[in-house]
Every structure is written in C-alpha cells, then in structure tokens.
$ cat protein.cif   # mmCIF, C-alpha atoms and all ligand atoms
data_final
loop_
_atom_site.label_atom_id
_atom_site.label_comp_id
_atom_site.auth_asym_id
_atom_site.auth_seq_id
_atom_site.Cartn_x
_atom_site.Cartn_y
_atom_site.Cartn_z
CA MET A 260 -50.58 -106.61 7.46
CA PRO A 261 -47.09 -105.54 8.48
CA VAL A 262 -46.69 -105.06 12.20
CA LEU A 263 -45.54 -101.52 12.89
CA GLN A 264 -43.28 -100.75 15.82
CA PRO A 265 -44.68 -98.42 18.50
CA ALA A 266 -44.90 -94.82 17.27
CA LYS A 267 -42.24 -93.62 19.68
CA SER A 268 -38.95 -95.30 20.36
CA THR A 269 -35.29 -94.36 20.47
CA HIS A 270 -32.10 -95.67 18.94
CA ILE A 271 -28.46 -94.76 19.46
CA LEU A 272 -26.78 -93.51 16.29
CA ASP A 273 -22.99 -93.53 15.88
CA LEU A 274 -21.58 -90.21 14.73
CA PRO A 275 -18.19 -89.66 13.07
CA GLY A 276 -15.50 -89.00 15.71
CA GLY A 277 -16.69 -91.71 18.10
CA ARG A 278 -19.63 -89.85 19.62
CA GLU A 279 -23.24 -91.01 19.67
CA VAL A 280 -26.61 -89.34 19.62
CA LEU A 281 -30.07 -90.44 20.69
CA LEU A 282 -32.36 -90.77 17.70
CA ASN A 283 -36.05 -90.26 18.53
CA LEU A 284 -38.33 -92.14 16.14
CA ARG A 285 -41.69 -90.65 15.24
CA ARG A 286 -44.39 -91.89 12.89
CA SER A 287 -46.12 -89.17 10.91
CA ALA A 288 -49.27 -89.53 8.81
CA LYS A 289 -48.33 -86.35 6.95
CA ALA A 290 -44.69 -87.19 6.08
CA ARG A 291 -44.16 -88.29 2.46
CA HIS A 292 -40.51 -89.26 2.89
CA ILE A 293 -38.21 -90.36 5.67
CA LEU A 294 -36.62 -87.25 7.16
CA ILE A 295 -34.42 -86.08 10.00
CA LYS A 296 -35.31 -83.06 12.11
CA ILE A 297 -32.95 -81.36 14.54
CA ASN A 298 -34.62 -79.15 17.14
CA ASP A 299 -32.38 -76.12 17.61
CA ALA A 300 -33.98 -75.37 20.99
CA ASN A 301 -32.93 -78.62 22.67
CA GLY A 302 -30.63 -80.30 20.12
CA LYS A 303 -32.90 -83.37 19.94
CA VAL A 304 -32.63 -85.42 16.77
CA GLU A 305 -35.84 -86.88 15.38
CA LEU A 306 -36.21 -89.51 12.67
CA VAL A 307 -39.62 -88.99 11.08
CA LEU A 308 -41.09 -92.01 9.32
CA PRO A 309 -44.07 -91.97 6.97
CA ARG A 310 -46.82 -94.34 8.11
CA ARG A 311 -45.69 -97.41 6.17
CA ALA A 312 -41.92 -96.92 6.12
CA ALA A 313 -39.89 -99.71 7.72
CA ILE A 314 -37.85 -98.72 10.75
CA ARG A 315 -34.87 -100.54 9.20
CA ASP A 316 -35.01 -98.19 6.19
CA GLY A 317 -35.26 -95.19 8.51
CA LEU A 318 -32.16 -96.29 10.42
CA THR A 319 -30.22 -96.85 7.19
CA PHE A 320 -31.25 -93.35 6.09
CA ALA A 321 -30.02 -91.88 9.40
CA ASN A 322 -26.73 -93.85 9.25
CA GLU A 323 -26.02 -92.51 5.79
CA ARG A 324 -26.51 -88.99 7.11
CA ALA A 325 -24.51 -89.34 10.36
CA GLY A 326 -21.88 -86.88 9.05
CA TRP A 327 -24.54 -84.30 8.25
CA ILE A 328 -26.16 -84.74 11.71
CA GLU A 329 -22.78 -84.27 13.43
CA LYS A 330 -22.21 -81.09 11.40
CA GLN A 331 -25.65 -79.69 12.28
CA LEU A 332 -25.16 -80.41 16.00
CA SER A 333 -21.70 -78.79 15.96
CA ALA A 334 -23.20 -75.68 14.37
CA LEU A 335 -25.74 -75.15 17.20
CA PRO A 336 -24.75 -72.34 19.59
CA ALA A 337 -22.83 -73.72 22.59
CA PRO A 338 -25.27 -74.92 25.28
CA VAL A 339 -25.52 -73.04 28.58
CA PRO A 340 -26.58 -75.74 31.04
CA PHE A 341 -28.39 -74.73 34.21
CA GLN A 342 -25.77 -75.44 36.88
CA ALA A 343 -24.13 -73.68 39.82
CA GLY A 344 -21.92 -70.86 38.51
CA THR A 345 -23.95 -70.16 35.36
CA VAL A 346 -24.96 -66.52 34.91
CA LEU A 347 -28.28 -65.88 33.13
CA GLN A 348 -29.55 -62.54 31.87
CA LEU A 349 -33.01 -62.38 33.45
CA MET A 350 -34.87 -59.51 31.79
CA GLY A 351 -31.54 -57.84 31.17
CA GLU A 352 -30.20 -58.30 34.72
CA PRO A 353 -27.47 -60.84 35.55
CA LEU A 354 -28.62 -63.72 37.75
CA LEU A 355 -26.02 -66.10 39.18
CA LEU A 356 -27.13 -69.69 39.82
CA ALA A 357 -25.87 -71.08 43.12
CA ARG A 358 -26.46 -74.12 45.30
CA ARG A 359 -28.62 -73.51 48.37
CA GLN A 360 -26.95 -74.96 51.43
CA GLY A 361 -28.75 -76.66 54.34
CA GLY A 362 -31.99 -78.56 54.17
CA ALA A 363 -34.11 -75.77 52.62
CA LYS A 364 -36.64 -76.98 50.04
CA ARG A 365 -37.42 -73.78 48.14
CA LEU A 366 -35.50 -71.69 45.65
CA ARG A 367 -34.50 -68.30 46.99
CA ARG A 368 -33.65 -65.18 45.04
CA ILE A 369 -31.54 -62.57 46.73
CA GLY A 370 -30.86 -59.73 44.27
CA GLY A 371 -28.68 -61.14 41.49
CA LEU A 372 -28.37 -64.56 43.13
CA LEU A 373 -30.68 -67.54 42.70
CA GLU A 374 -30.11 -70.24 45.31
CA VAL A 375 -31.30 -73.68 44.22
CA PRO A 376 -31.85 -76.50 46.75
CA GLY A 377 -31.71 -80.25 46.26
CA GLU A 378 -29.54 -82.83 44.56
CA ASP A 379 -27.42 -82.22 41.43
CA ALA A 380 -29.84 -84.20 39.30
CA GLN A 381 -32.72 -81.85 40.16
CA PHE A 382 -30.81 -78.56 39.84
CA ALA A 383 -31.54 -77.84 36.16
CA GLY A 384 -35.20 -78.87 36.49
CA HIS A 385 -35.71 -76.57 39.51
CA VAL A 386 -34.15 -73.64 37.63
CA GLN A 387 -36.28 -74.21 34.56
CA CYS A 388 -39.53 -74.46 36.59
CA TRP A 389 -38.63 -71.23 38.35
CA LEU A 390 -37.93 -69.44 35.04
CA VAL A 391 -41.20 -70.69 33.53
CA ALA A 392 -43.11 -69.38 36.58
CA GLU A 393 -41.33 -66.00 36.28
CA ALA A 394 -42.16 -65.90 32.56
CA ARG A 395 -45.82 -66.73 33.30
CA ARG A 396 -46.07 -63.89 35.81
CA GLU A 397 -44.19 -61.23 33.81
CA ILE A 398 -45.80 -62.09 30.46
CA GLY A 399 -49.28 -62.55 31.99
CA GLU A 400 -49.19 -59.10 33.65
CA ARG A 401 -47.99 -57.41 30.44
CA ALA A 402 -50.58 -59.16 28.27
CA GLU A 403 -53.41 -58.16 30.62
CA SER A 404 -52.42 -54.50 30.77
CA LEU A 405 -51.74 -54.12 27.01
CA ALA A 406 -55.00 -55.91 26.13
CA ALA A 407 -56.90 -53.62 28.54
CA ARG A 408 -55.53 -50.63 26.60
CA ILE A 409 -57.23 -51.85 23.41
CA GLY A 410 -60.36 -52.99 25.28
CA ARG A 411 -59.88 -56.71 24.66
CA PRO A 412 -60.07 -59.53 27.20
CA VAL A 413 -57.28 -62.13 27.32
CA HIS A 414 -58.82 -65.59 27.65
CA HIS A 415 -55.74 -67.61 28.35
CA VAL A 416 -51.96 -67.14 28.34
CA ALA A 417 -49.95 -70.34 27.81
CA ILE A 418 -46.21 -70.53 28.40
CA ARG A 419 -44.40 -73.12 26.29
CA ASP A 420 -40.97 -74.13 25.00
CA THR A 421 -41.72 -73.52 21.35
CA ALA A 422 -39.00 -74.29 18.83
CA THR A 423 -39.91 -71.85 16.08
CA ARG A 424 -42.22 -69.09 17.35
CA TRP A 425 -41.76 -66.64 20.22
CA GLY A 426 -45.49 -66.09 20.51
CA SER A 427 -48.81 -66.88 18.88
CA CYS A 428 -52.45 -65.85 19.09
CA SER A 429 -55.37 -68.16 18.27
CA ALA A 430 -58.64 -67.11 16.66
CA ALA A 431 -60.32 -67.75 20.04
CA GLY A 432 -58.07 -65.12 21.65
CA ASN A 433 -55.68 -67.47 23.44
CA LEU A 434 -52.10 -66.24 23.62
CA SER A 435 -49.05 -68.42 23.82
CA PHE A 436 -45.41 -67.46 24.47
CA SER A 437 -41.99 -69.04 24.81
CA TRP A 438 -40.69 -68.97 28.41
CA ARG A 439 -37.27 -68.09 26.95
CA LEU A 440 -38.43 -64.50 26.38
CA ILE A 441 -37.73 -63.93 30.08
CA LEU A 442 -34.02 -64.21 29.11
CA ALA A 443 -34.34 -61.44 26.49
CA PRO A 444 -34.08 -57.68 27.20
CA PRO A 445 -37.38 -56.32 28.63
CA ARG A 446 -38.03 -54.20 25.51
CA VAL A 447 -37.95 -57.34 23.38
CA LEU A 448 -40.29 -59.16 25.77
CA ASN A 449 -42.68 -56.16 25.68
CA TYR A 450 -42.63 -56.10 21.89
CA VAL A 451 -43.48 -59.82 21.52
CA VAL A 452 -46.36 -59.48 24.01
CA ALA A 453 -47.66 -56.36 22.22
CA HIS A 454 -47.39 -58.19 18.87
CA GLU A 455 -49.65 -61.03 20.06
CA VAL A 456 -52.03 -58.70 21.91
CA ALA A 457 -52.39 -56.61 18.70
CA HIS A 458 -53.51 -59.82 16.95
CA LEU A 459 -56.56 -59.81 19.25
CA ASN A 460 -57.72 -56.87 17.08
CA GLU A 461 -55.96 -57.57 13.79
CA MET A 462 -55.46 -61.20 12.78
CA ASN A 463 -52.91 -60.24 10.09
CA HIS A 464 -49.70 -58.27 9.60
CA SER A 465 -51.33 -55.33 7.79
CA ALA A 466 -50.34 -51.67 8.12
CA SER A 467 -53.07 -51.19 10.74
CA PHE A 468 -51.66 -54.12 12.74
CA TRP A 469 -48.19 -52.51 12.83
CA HIS A 470 -49.76 -49.16 13.65
CA LEU A 471 -51.42 -50.76 16.68
CA VAL A 472 -48.15 -52.40 17.82
CA THR A 473 -46.42 -49.00 17.53
CA GLU A 474 -49.18 -47.38 19.59
CA LEU A 475 -48.69 -49.99 22.31
CA VAL A 476 -44.88 -50.12 22.60
CA GLY A 477 -43.38 -47.64 20.14
CA ASP A 478 -41.54 -48.44 16.90
CA PRO A 479 -40.45 -52.07 17.28
CA SER A 480 -37.77 -52.21 14.52
CA CYS A 481 -34.81 -52.56 16.93
CA GLU A 482 -36.55 -55.27 18.96
CA ARG A 483 -37.42 -57.21 15.79
CA LEU A 484 -33.80 -56.94 14.66
CA TRP A 485 -32.60 -58.15 18.07
CA LEU A 486 -34.80 -61.25 17.80
CA ARG A 487 -33.58 -62.00 14.29
CA ARG A 488 -29.94 -61.64 15.31
CA ASN A 489 -30.01 -63.08 18.83
CA GLY A 490 -33.12 -65.24 19.02
CA SER A 491 -31.19 -68.48 18.49
CA GLN A 492 -28.94 -67.55 21.45
CA LEU A 493 -31.96 -67.77 23.77
CA LYS A 494 -32.31 -71.43 22.82
CA ARG A 495 -28.89 -72.31 24.29
CA TYR A 496 -30.10 -72.01 27.88
CA GLY A 497 -30.78 -75.18 29.80
CA ARG A 498 -29.68 -77.31 26.87
CA GLN A 499 -27.26 -80.18 27.35
CA ASP A 500 -25.02 -81.33 24.49
CA PRO A 501 -27.19 -84.02 22.84
CA ARG A 502 -24.12 -86.00 21.83
CA LEU A 503 -23.13 -88.77 24.17
CA VAL A 504 -19.58 -89.89 24.75
CA PRO A 505 -19.65 -93.71 24.87
CA GLN A 506 -18.67 -95.03 28.30
CA PRO A 507 -15.91 -97.64 28.35
CA CYS A 508 -17.19 -101.07 29.40
CA SER A 509 -16.58 -101.47 33.13
CA THR A 510 -17.54 -105.14 33.49
CA PRO A 511 -14.55 -106.96 35.03
ZN ZN B 1 -47.90 -61.96 14.11
#

$ encode --input "protein.cif" --output "structure tokens" --more "lines below"
Ligand SMILES: [Zn+2]
Amino acid sequence: MPVLQPAKSTHILDLPGGREVLLNLRRSAKARHILIKINDANGKVELVLPRRAAIRDGLTFANERAGWIEKQLSALPAPVPFQAGTVLQLMGEPLLLARRQGGAKRLRRIGGLLEVPGEDAQFAGHVQCWLVAEARREIGERAESLAARIGRPVHHVAIRDTATRWGSCSAAGNLSFSWRLILAPPRVLNYVVAHEVAHLNEMNHSASFWHLVTELVGDPSCERLWLRRNGSQLKRYGRQDPRLVPQPCSTP
C-alpha cells in the first residue's frame, strides 16, 4: 500500500517574475484528474489531487502551469486590505478605517469612522469580525421581516465567506449568506435576502418564484445586473495579495 501524505499540506511554488505563491494541497475522492483551483474571493491557490495521485506528480503539474497561475492571479481585481486609511462602502455609506488610540479594547464607530484597537497584526481580523457581526444583524433582521410577510418561519441564518454564491436556502429552511453583501448597496442586499426568503415558499426559479420576489422588494432586474457586473469587486475586500516576494537571506 502506498503511504499517502496527510490530506492537507502546503508547498511554495515559484512563479515567473521571481514571485512565489503558497500552494494548498487537498485530496479529493471526487476528483478524476489533478487540477488547480484559484479562489477569487481570497486568491488562494489549491492543488487538488485525486485519491491515489502522487504528490510529486501534482507538484510537477503545478510547476508546468506556473505561468497560467501567475496570469490568473494578476487578473484578480486589486485587493483592498483592511488597514488604517482604507475606505469601505458599508451599505452604500463610506466608512473610514482608523487606528484607535489609547488602551481601549473595543472597536468604536463614530459616524463614517471605524476605530480599531490593538496591534497591526490584529487590525484586519478585528475589522472582518466586526463586518461579519454587522452582516449577521442586518441580514438577520431583513430575513425575519420578509419571511414574516409570507408567513414562513426562518430556522437559521448562517453568515459565511462563500466563494461562488451570495446566498442559499436549504430544504430544511436554513438560509445562508455571504458577509460581503454588507459592502453592497442596500437595495442589492435586500434583493438577495428576498431571493432566499422566497425560496422558503418556492424551491425553484419559476415564474411564481420571481413574482414573489417582486412582491417582496419590487422588480429586481437592476440589482441582479449590479451583482453580475460588480459582484467580483466585493471579493477584493480584506484580501491580501497571495503572491509572496521572496525575502533575501539575512543570515550573516
Ligand atoms: Zn435562487
């Protein structure tokens, strides 16, 4: 029996132009071939190996495609890291990220200013946690009130960082949304919530489903167009450039 490496491990891959990227290895029972996946939400590069593929073959595969990986990463919208001086659009309103001075432990929002305490290393994490909590509150309230209008209970609302879907609704009536919707205009956020709430009644995209969505939030064509055109922009926030610049050796 061949000994397989642990399912998860990472390797550094050299890219053309002297940069490097972290390659995340993943075993998949479903994969038929070795493949490379690039997550456009966080820029992470994944090397997916079928169950019995040798890691060596996977790495050769990735090396041969280093040029393609570099091209894909360059094509991602420029990241907007969470750091002091960044301006977010929180539900359509500008919000400036700033450092909170003094020994305060909590984030503080004063109008269009969000003051973030703590060390540099924790800044981005604090901002993201705060945004996820805001998303949970805003989306939760909207889901409850829209569901009440069609006489349906909402069992659970989950907030995630989904790569491909803005929202989803399970057969059991659990709703799930991307926290990034909090960075979209409020009309777009309302539409996505209404879309998933309407699935509590209609588990399809039939004419009666769209009729229900329109009853809840009006004709959603502009909001759908906005998501198609600008959705990928929402994925830039909080992302670091996944490419690493090799550090010169400092050993004397
Ligand atoms: Zn749907």

$ closest_residue --input "protein.cif" --among "A:Trp485, A:Tyr496, A:Phe468, A:Trp389" --to "ligand ZN 1 (chain B)" --atoms "all atoms listed in the file"
A:Phe468

$ residues_around --input "protein.cif" --residues "Arg419 in chain A" --least-positions-apart "2" --cutoff "9 Å" --atoms "only C-alpha atoms" --output "PDB file with C-alpha atoms, keeping the file's coordinate frame"
ATOM      1  CA  VAL A 391     -41.200 -70.690  33.530  1.00  0.00           C
ATOM      2  CA  ALA A 417     -49.950 -70.340  27.810  1.00  0.00           C
ATOM      3  CA  THR A 421     -41.720 -73.520  21.350  1.00  0.00           C
ATOM      4  CA  SER A 435     -49.050 -68.420  23.820  1.00  0.00           C
ATOM      5  CA  PHE A 436     -45.410 -67.460  24.470  1.00  0.00           C
ATOM      6  CA  SER A 437     -41.990 -69.040  24.810  1.00  0.00           C
ATOM      7  CA  TRP A 438     -40.690 -68.970  28.410  1.00  0.00           C
ATOM      8  CA  ARG A 439     -37.270 -68.090  26.950  1.00  0.00           C
TER       9      ARG A 439
END

$ closest_residue --input "protein.cif" --among "A:Ile369, A:Ser465, A:Thr345, A:Arg502" --to "Gly277 in chain A" --atoms "all atoms listed in the file"
A:Arg502

$ residues_near_point --input "protein.cif" --point "(-37.6, -90.9, 9.4)" --cutoff "9 Å" --atoms "all atoms listed in the file" --output "list in words"
Leu284, Arg285, Arg286, Ser287, Ala290, His292, Ile293, Leu294, Ile295, Lys296, Glu305, Leu306, Val307, Leu308, Pro309, Ala312, Ile314, Asp316, Gly317, Leu318, Phe320 and Ala321 of chain A

$ residues_near_ligand --input "protein.cif" --ligand "ligand ZN 1 (chain B)" --cutoff "9 Å" --atoms "only C-alpha atoms and all ligand atoms" --output "short mmCIF file (atom, residue, chain, number, x, y, z; two decimals) with C-alpha atoms, in the coordinates of the input"
data_model
loop_
_atom_site.label_atom_id
_atom_site.label_comp_id
_atom_site.auth_asym_id
_atom_site.auth_seq_id
_atom_site.Cartn_x
_atom_site.Cartn_y
_atom_site.Cartn_z
CA GLY A 426 -45.49 -66.09 20.51
CA SER A 427 -48.81 -66.88 18.88
CA CYS A 428 -52.45 -65.85 19.09
CA VAL A 451 -43.48 -59.82 21.52
CA HIS A 454 -47.39 -58.19 18.87
CA GLU A 455 -49.65 -61.03 20.06
CA ALA A 457 -52.39 -56.61 18.70
CA HIS A 458 -53.51 -59.82 16.95
CA MET A 462 -55.46 -61.20 12.78
CA ASN A 463 -52.91 -60.24 10.09
CA HIS A 464 -49.70 -58.27 9.60
CA PHE A 468 -51.66 -54.12 12.74
#

$ build_atoms --input "protein.cif" --residues "range 295-307 of chain A" --atoms "N, CA and C atoms" --output "tab-separated table (two decimals), in the coordinates of the input"
chain	number	residue	atom	x	y	z
A	295	ILE	N	-35.06	-86.30	8.69
A	295	ILE	CA	-34.42	-86.08	10.00
A	295	ILE	C	-34.63	-84.63	10.38
A	296	LYS	N	-35.09	-84.43	11.63
A	296	LYS	CA	-35.31	-83.06	12.11
A	296	LYS	C	-34.44	-82.83	13.33
A	297	ILE	N	-33.76	-81.71	13.36
A	297	ILE	CA	-32.95	-81.36	14.54
A	297	ILE	C	-33.57	-80.11	15.16
A	298	ASN	N	-33.97	-80.25	16.42
A	298	ASN	CA	-34.62	-79.15	17.14
A	298	ASN	C	-33.52	-78.22	17.67
A	299	ASP	N	-33.48	-76.99	17.18
A	299	ASP	CA	-32.38	-76.12	17.61
A	299	ASP	C	-32.59	-75.55	19.01
A	300	ALA	N	-33.77	-75.81	19.60
A	300	ALA	CA	-33.98	-75.37	20.99
A	300	ALA	C	-33.33	-76.35	21.96
A	301	ASN	N	-33.46	-77.66	21.69
A	301	ASN	CA	-32.93	-78.62	22.67
A	301	ASN	C	-31.91	-79.59	22.06
A	302	GLY	N	-31.63	-79.45	20.77
A	302	GLY	CA	-30.63	-80.30	20.12
A	302	GLY	C	-31.10	-81.73	19.90
A	303	LYS	N	-32.40	-82.00	20.11
A	303	LYS	CA	-32.90	-83.37	19.94
A	303	LYS	C	-32.99	-83.72	18.46
A	304	VAL	N	-32.62	-84.96	18.15
A	304	VAL	CA	-32.63	-85.42	16.77
A	304	VAL	C	-33.80	-86.37	16.59
A	305	GLU	N	-34.63	-86.08	15.59
A	305	GLU	CA	-35.84	-86.88	15.38
A	305	GLU	C	-35.77	-87.52	14.00
A	306	LEU	N	-36.10	-88.81	13.95
A	306	LEU	CA	-36.21	-89.51	12.67
A	306	LEU	C	-37.70	-89.68	12.39
A	307	VAL	N	-38.19	-88.97	11.38
A	307	VAL	CA	-39.62	-88.99	11.08
A	307	VAL	C	-39.89	-90.00	9.98
